[in-house]
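Q: Quick one: the structure is below, questions incoming.
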Amino acid sequence: MKNFSTKFHPLSQEEQTQERKGEEKEKESIEEDNQLQLQVVEEEEDEDDDEEERARCEWDFNLSTIVSSDTAGAGTDTLGVIEFDPSDSFVATGGIARKIRIYSLSSLLPHESTTSLDHADACDFYICTPAKLSSLKWKPGSDGRVLGSGDYDGVVMEYELERRMPVFERDEHGGRRVWSVDYSRWDPVMGASGSDDGTMQMWDPRCEGGKCMATVQPSVRRSPVCCVEFNPVGGALVAVGCADRRAYVYDIRKMVDPVVVFDGHGKTVTYVRFLDAHTMASAGTDGCLKTWSINDARVIRTYKGHVNNRSFVGLSVWRNGGLLGCGSESNEVFVYDRRWSEPIWVHGFEPVARAGYDQGFVSSVCWRQIEEDRCTLVAGGSDGVLQVFAGKRK
């Protein structure tokens with residue numbers, strides 16, 4: 001067996017000097033590399049900050065119209081839903097007051113300065129409903145003549161606006177509140193409703209009573225289904241948000257199991273909205289909005305700033321401009337650019353000033369979908385006040 005010598009052979013003074021110089025050069029080189037990397041990171045962060053700042057300054061938003069009434073602040077006129085018609089010319093609102101109000105956008109826009117109106121004067125007409133409304137949706141293919149609704153009594157109804165009367169009724173959720181109603185964009189049109197009974201039901205509105213085409217129970221514990229939306233930009237998908245903190249996407253051609261499950265919210269998922277064919281947005285009572293990749297269920301970005309711990313505060317996406325709008329329990333409306341986690345614009349509603357009532361909150365929002373350099377955002381409050389904002393790209 002070989003013996004390896006462990007005897008130490010000291011370097012000469014000249015060799016030690018050369019070694020020290022080599023170590024110093026190596027150290028200087030490492031420090032230069034570190035400084036260069038730090039400089040690159042700082043430059044990238046500065047570029048991101050500059051780009052985000054440009055995004056914040058990219059839009060001008062102005063309050064155009066305030067619509068209120070004598071009942072504002074009484075807690076009896078909370079606006080739970082706002083919807084533009086397919087032509088983006090009319091706005092429908094519904095909520096606690098058991099009224100569907102129809103406004104022509106021309107009466108709300110444009111104004112050179114902020115205009116104050118009364119609901120009685122501003123709306124074209126209204127339809128009284130038998131129950132409080134949680135959802136409204138214009139029926140595709142009806143040329144804006146038929147409006148579907150979901151109510152607190154668990155009933156889905158359709159109203160013909162010309163005659164101002166119901167033409168369809170579906171009561172298949174066992175009397176449990178219907179939180180959300182939507183329609184597919186294909187022919188034949190299918191309807192879907194999500195309810196406190198823990199189910200999302202898809203039905204045929206051509207059949208009397210709405211023949212059930214499919215029923216899914218996303219949560220094993222039968223948690224309430226709070227929101228439903230068909231993909232409006234193509235594809236046979238329908239998204240569902242639940243009180244079990246998850247959102248689900250189903251292929252309507254095979255509704256047995258979800259094709260995608262989004263798991264990332266800390267509390268109830270209150271809204272789901274498709275941003276495009278590959279991206280979905282969701283809102284939860286954990287105070288967050290999130291965007292997701294539909295292809296791999298990956299969280300793209302989380303948006304924070306608004307306050308949302310217990311109420312439905314609305315979520316709407318403007319696909320042409322890449323903007324998200326939501327309300328807040330701080331009685332403010334928030335706008336986020338899909339590229340940035342922080343809000344790019346915040347506007348506060350006037351606080352409720354009646355004794356015995358809590359501070360109000362912004363309870364619903366809706367974007368007008370047309371145009372690219374101009375936008376319209378309508379927001380409603382728990383006090384029944386409707387505010388219309390006009391945005392313009394600088």
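Ordering of the structure tokens sets the chain letters (A, B, ...), residue numbers begin anew at 1 in every chain, and ligands are numbered from 1 in the order given.
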Name the residues of segment 73-240 of chain A that fall into strand (DSSP E) according to DSSP on the backbone, using the chain letters and numbers of this document, as a count of residues only.

A: 81

Q: Which polymer residues have any atom within 10 Å of an atom of Val216 of chain A, counting only C-alpha atoms, with same-chain residues fewer than 5 positions away left out, as a PyMOL selection string?

A: chain A and resi 194+198-202+240+250+255-258

Q: Can I get the selected residues back with C-alpha atoms, as an mmCIF file, in the first residue's frame?

A:
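Heads up, here's the output in part01.cif:
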data_model
loop_
_atom_site.group_PDB
_atom_site.id
_atom_site.type_symbol
_atom_site.label_atom_id
_atom_site.label_comp_id
_atom_site.auth_asym_id
_atom_site.auth_seq_id
_atom_site.Cartn_x
_atom_site.Cartn_y
_atom_site.Cartn_z
ATOM 1 C CA GLY A 194 -75.342 28.986 -9.342
ATOM 2 C CA GLY A 198 -74.261 24.050 -3.783
ATOM 3 C CA THR A 199 -75.012 23.336 -7.431
ATOM 4 C CA MET A 200 -74.487 24.920 -10.803
ATOM 5 C CA GLN A 201 -77.272 23.916 -13.163
ATOM 6 C CA MET A 202 -77.196 24.310 -16.934
ATOM 7 C CA VAL A 240 -67.754 28.538 -11.365
ATOM 8 C CA TYR A 250 -65.891 22.820 -16.838
ATOM 9 C CA MET A 255 -69.622 18.131 -17.193
ATOM 10 C CA VAL A 256 -68.661 15.167 -15.021
ATOM 11 C CA ASP A 257 -65.411 16.639 -13.686
ATOM 12 C CA PRO A 258 -63.785 20.081 -13.939
#

Q: So how far away is atom CA of Val333 of chain A from atom CA of Ile96 of chain A, in Å?

A: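 Here the two named atoms are 20.0 Å from each other.
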
Q: In Å, rounded to a single decimal, give me how far atom CA of Arg374 of chain A is from atom CA of Glu112 of chain A.

A: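 Distance between the two atoms: 15.5 Å.
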
Q: Taking a cut-off of 9 Å and counting only C-alpha atoms, can you build a table that, for each residue of segment 179-260 of chain A near segment 114-134 of chain A, reports the nearest atom pair and how far apart they are in Å (one decimal), sorted by chain then residue number, as a Markdown table?

A:
| residue | atom | partner | partner_atom | distance |
| --- | --- | --- | --- | --- |
| A:Trp179 | CA | A:Ser134 | CA | 5.5 |
| A:Ser180 | CA | A:Ser134 | CA | 6.8 |
| A:Val181 | CA | A:Ser134 | CA | 8.9 |

Q: Mind giving me the straight-line distance from atom CA of Leu105 of chain A to atom CA of Val91 of chain A in Å, one decimal?

A: 6.7 Å

Q: What lies within 7 Å of Glu229 of chain A using only C-alpha atoms, ignoring chain neighbours under 4 positions off, as an MDAnalysis selection string?

A: chainID A and resid 182 238:240 272:273

Q: Dump all heavy atoms for the selected residues as a short mmCIF file (atom, residue, chain, number, x, y, z; two decimals), in the first residue's frame?

A:
data_model
loop_
_atom_site.label_atom_id
_atom_site.label_comp_id
_atom_site.auth_asym_id
_atom_site.auth_seq_id
_atom_site.Cartn_x
_atom_site.Cartn_y
_atom_site.Cartn_z
N ASP A 182 -76.02 33.21 -16.06
CA ASP A 182 -75.33 33.59 -17.28
C ASP A 182 -75.88 32.77 -18.44
O ASP A 182 -76.55 31.75 -18.23
CB ASP A 182 -73.82 33.39 -17.15
CG ASP A 182 -73.03 34.12 -18.24
OD1 ASP A 182 -73.58 35.08 -18.83
OD2 ASP A 182 -71.88 33.74 -18.52
N VAL A 238 -67.21 26.85 -19.04
CA VAL A 238 -67.99 27.62 -18.09
C VAL A 238 -67.23 27.59 -16.76
O VAL A 238 -66.73 26.56 -16.34
CB VAL A 238 -69.42 27.05 -17.93
CG1 VAL A 238 -69.41 25.61 -17.44
CG2 VAL A 238 -70.26 27.93 -17.01
N ALA A 239 -67.11 28.76 -16.13
CA ALA A 239 -66.36 28.89 -14.88
C ALA A 239 -67.33 29.06 -13.72
O ALA A 239 -68.40 29.67 -13.84
CB ALA A 239 -65.41 30.09 -14.95
N VAL A 240 -66.92 28.53 -12.56
CA VAL A 240 -67.75 28.54 -11.37
C VAL A 240 -66.88 28.93 -10.18
O VAL A 240 -65.77 28.42 -10.02
CB VAL A 240 -68.37 27.14 -11.11
CG1 VAL A 240 -69.18 27.14 -9.83
CG2 VAL A 240 -69.22 26.70 -12.29
N VAL A 272 -66.05 35.25 -10.89
CA VAL A 272 -65.11 34.76 -11.90
C VAL A 272 -65.42 35.46 -13.21
O VAL A 272 -66.59 35.65 -13.56
CB VAL A 272 -65.18 33.22 -12.09
CG1 VAL A 272 -64.57 32.50 -10.90
CG2 VAL A 272 -66.62 32.75 -12.30
N ARG A 273 -64.38 35.88 -13.92
CA ARG A 273 -64.55 36.58 -15.19
C ARG A 273 -63.44 36.15 -16.15
O ARG A 273 -62.27 36.11 -15.78
CB ARG A 273 -64.48 38.11 -15.01
CG ARG A 273 -65.56 38.69 -14.11
CD ARG A 273 -66.92 38.70 -14.80
NE ARG A 273 -67.94 39.36 -14.00
CZ ARG A 273 -68.80 38.72 -13.20
NH1 ARG A 273 -68.74 37.39 -13.11
NH2 ARG A 273 -69.70 39.38 -12.51
#

Q: With only C-alpha atoms as the counted atoms, please give the residues lying no more than 6 Å from Tyr303 of chain A, apart from itself and same-chain residues fewer than 2 positions off, as a compact mmCIF listing (two decimals) with N, CA, C and O atoms, in the first residue's frame.

A:
# COMPACT_ATOMS: atom_id res chain seq x y z
N CYS A 288 -58.59 39.93 -2.24
CA CYS A 288 -57.68 39.79 -3.38
C CYS A 288 -58.46 39.58 -4.68
O CYS A 288 -59.51 38.95 -4.69
N LEU A 289 -57.89 40.11 -5.75
CA LEU A 289 -58.23 39.68 -7.09
C LEU A 289 -57.06 38.86 -7.60
O LEU A 289 -55.91 39.10 -7.23
N SER A 341 -49.86 44.77 -9.81
CA SER A 341 -50.57 44.29 -8.62
C SER A 341 -51.25 45.41 -7.84
O SER A 341 -52.18 45.16 -7.08

Q: Hey, which of A:Pro218, A:Gly348, A:Gly144, A:Gly314 ends up closest to Ala92 of chain A? Count only C-alpha atoms.

A: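 Checking each candidate against Ala92 of chain A, we get A:Gly144 as the closest.
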
Q: Residues near Pro343 of chain A, anyone? I mean within 12 Å using only C-alpha atoms, not counting same-chain ones fewer than 2 positions away, as an mmCIF file with C-alpha atoms, in the first residue's frame.

A:
data_model
loop_
_atom_site.group_PDB
_atom_site.id
_atom_site.type_symbol
_atom_site.label_atom_id
_atom_site.label_comp_id
_atom_site.auth_asym_id
_atom_site.auth_seq_id
_atom_site.Cartn_x
_atom_site.Cartn_y
_atom_site.Cartn_z
ATOM 1 C CA GLU A 52 -45.599 50.790 -13.765
ATOM 2 C CA GLU A 53 -45.572 54.536 -13.196
ATOM 3 C CA ALA A 55 -49.179 52.603 -16.570
ATOM 4 C CA ARG A 56 -50.545 54.557 -13.618
ATOM 5 C CA CYS A 57 -50.433 57.746 -15.645
ATOM 6 C CA CYS A 288 -57.683 39.790 -3.380
ATOM 7 C CA LEU A 289 -58.227 39.679 -7.089
ATOM 8 C CA THR A 302 -52.504 38.823 -7.283
ATOM 9 C CA TYR A 303 -54.036 42.304 -6.930
ATOM 10 C CA LYS A 304 -54.424 44.019 -3.563
ATOM 11 C CA GLY A 305 -55.505 47.411 -2.299
ATOM 12 C CA HIS A 306 -59.278 47.252 -1.968
ATOM 13 C CA LEU A 323 -58.363 46.748 -16.916
ATOM 14 C CA LEU A 324 -60.118 45.226 -13.897
ATOM 15 C CA GLY A 325 -62.642 47.125 -11.795
ATOM 16 C CA CYS A 326 -64.002 46.267 -8.362
ATOM 17 C CA GLY A 327 -65.681 47.849 -5.384
ATOM 18 C CA GLU A 332 -64.282 53.210 -2.958
ATOM 19 C CA VAL A 333 -64.076 51.949 -6.521
ATOM 20 C CA PHE A 334 -60.722 50.511 -7.648
ATOM 21 C CA VAL A 335 -59.204 50.058 -11.098
ATOM 22 C CA TYR A 336 -56.274 47.704 -11.706
ATOM 23 C CA ASP A 337 -54.183 47.270 -14.832
ATOM 24 C CA ARG A 338 -53.837 43.530 -15.414
ATOM 25 C CA ARG A 339 -50.041 44.008 -15.616
ATOM 26 C CA TRP A 340 -49.603 45.440 -12.102
ATOM 27 C CA SER A 341 -50.575 44.295 -8.625
ATOM 28 C CA TRP A 345 -56.891 54.550 -9.861
ATOM 29 C CA VAL A 346 -59.103 54.810 -6.781
ATOM 30 C CA HIS A 347 -62.197 56.946 -6.274
#

Q: Taking only C-alpha atoms into account, name the residue in A:Tyr159, A:Phe361, A:Tyr103, A:Phe349 that is nearest to Phe389 of chain A.

A: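 The shortest atom-to-atom distance to Phe389 of chain A comes from A:Phe349.
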
Q: Kindly indicate which residue among A:Gly94, A:Val228, A:Val260, A:Thr376 lies nearest to Ala390 of chain A, using only C-alpha atoms for the distances.

A: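 Going through A:Gly94, A:Val228, A:Val260, A:Thr376 one by one, the smallest distance to Ala390 of chain A is for A:Thr376.
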
Q: Could you tell me which of A:Asn231, A:Ser363, A:Thr78, A:Ser113 comes closest to Leu315 of chain A if we count only C-alpha atoms?

A: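 Checking each candidate against Leu315 of chain A, we get A:Ser363 as the closest.
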
Q: Select, from A:Lys99, A:Leu79, A:Asp276, A:Asp204, the residue with the minimum atom-to-atom distance to Arg164 of chain A, counting only C-alpha atoms.

A: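 Smallest distance to Arg164 of chain A is found for A:Lys99.
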
Q: Hey, which of A:Ser223, A:Thr268, A:Ser195, A:Thr76 ends up closest to Ser382 of chain A? Count only C-alpha atoms.

A: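 When distances to Ser382 of chain A are compared using only C-alpha atoms, the smallest one comes from A:Thr76.
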
Q: Which polymer residues have any atom within 7 Å of an atom of Arg319 of chain A, counting only C-alpha atoms, with same-chain residues fewer than 3 positions away left out, as an MDAnalysis selection string?

A: chainID A and resid 275 322:323 369

Q: Could the residues in this selection be written to a file with N, CA and C atoms, as a tab-separated table (two decimals), in the first residue's frame?

A:
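Generated file (result11.tsv):
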chain	number	residue	atom	x	y	z
A	275	LEU	N	-60.88	36.93	-18.95
A	275	LEU	CA	-60.19	38.06	-19.55
A	275	LEU	C	-59.94	37.84	-21.03
A	322	GLY	N	-57.58	45.83	-20.96
A	322	GLY	CA	-56.83	45.07	-19.97
A	322	GLY	C	-56.96	45.62	-18.56
A	323	LEU	N	-58.14	46.17	-18.23
A	323	LEU	CA	-58.36	46.75	-16.92
A	323	LEU	C	-59.38	45.92	-16.13
A	369	GLN	N	-67.82	47.51	-22.88
A	369	GLN	CA	-66.78	46.72	-23.54
A	369	GLN	C	-66.25	47.31	-24.85

Q: Trp138 of chain A: which residues within 9 Å, counting only C-alpha atoms, same-chain residues fewer than 5 positions away excluded, as a list in words?

A: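 Surrounding residues, per the criterion: Glu83, Phe84, Asp85, Pro86, Ala92, Gly144, Arg145, Val146, Leu147, Gly148, Ser149, Asp182 and Tyr183 of chain A.
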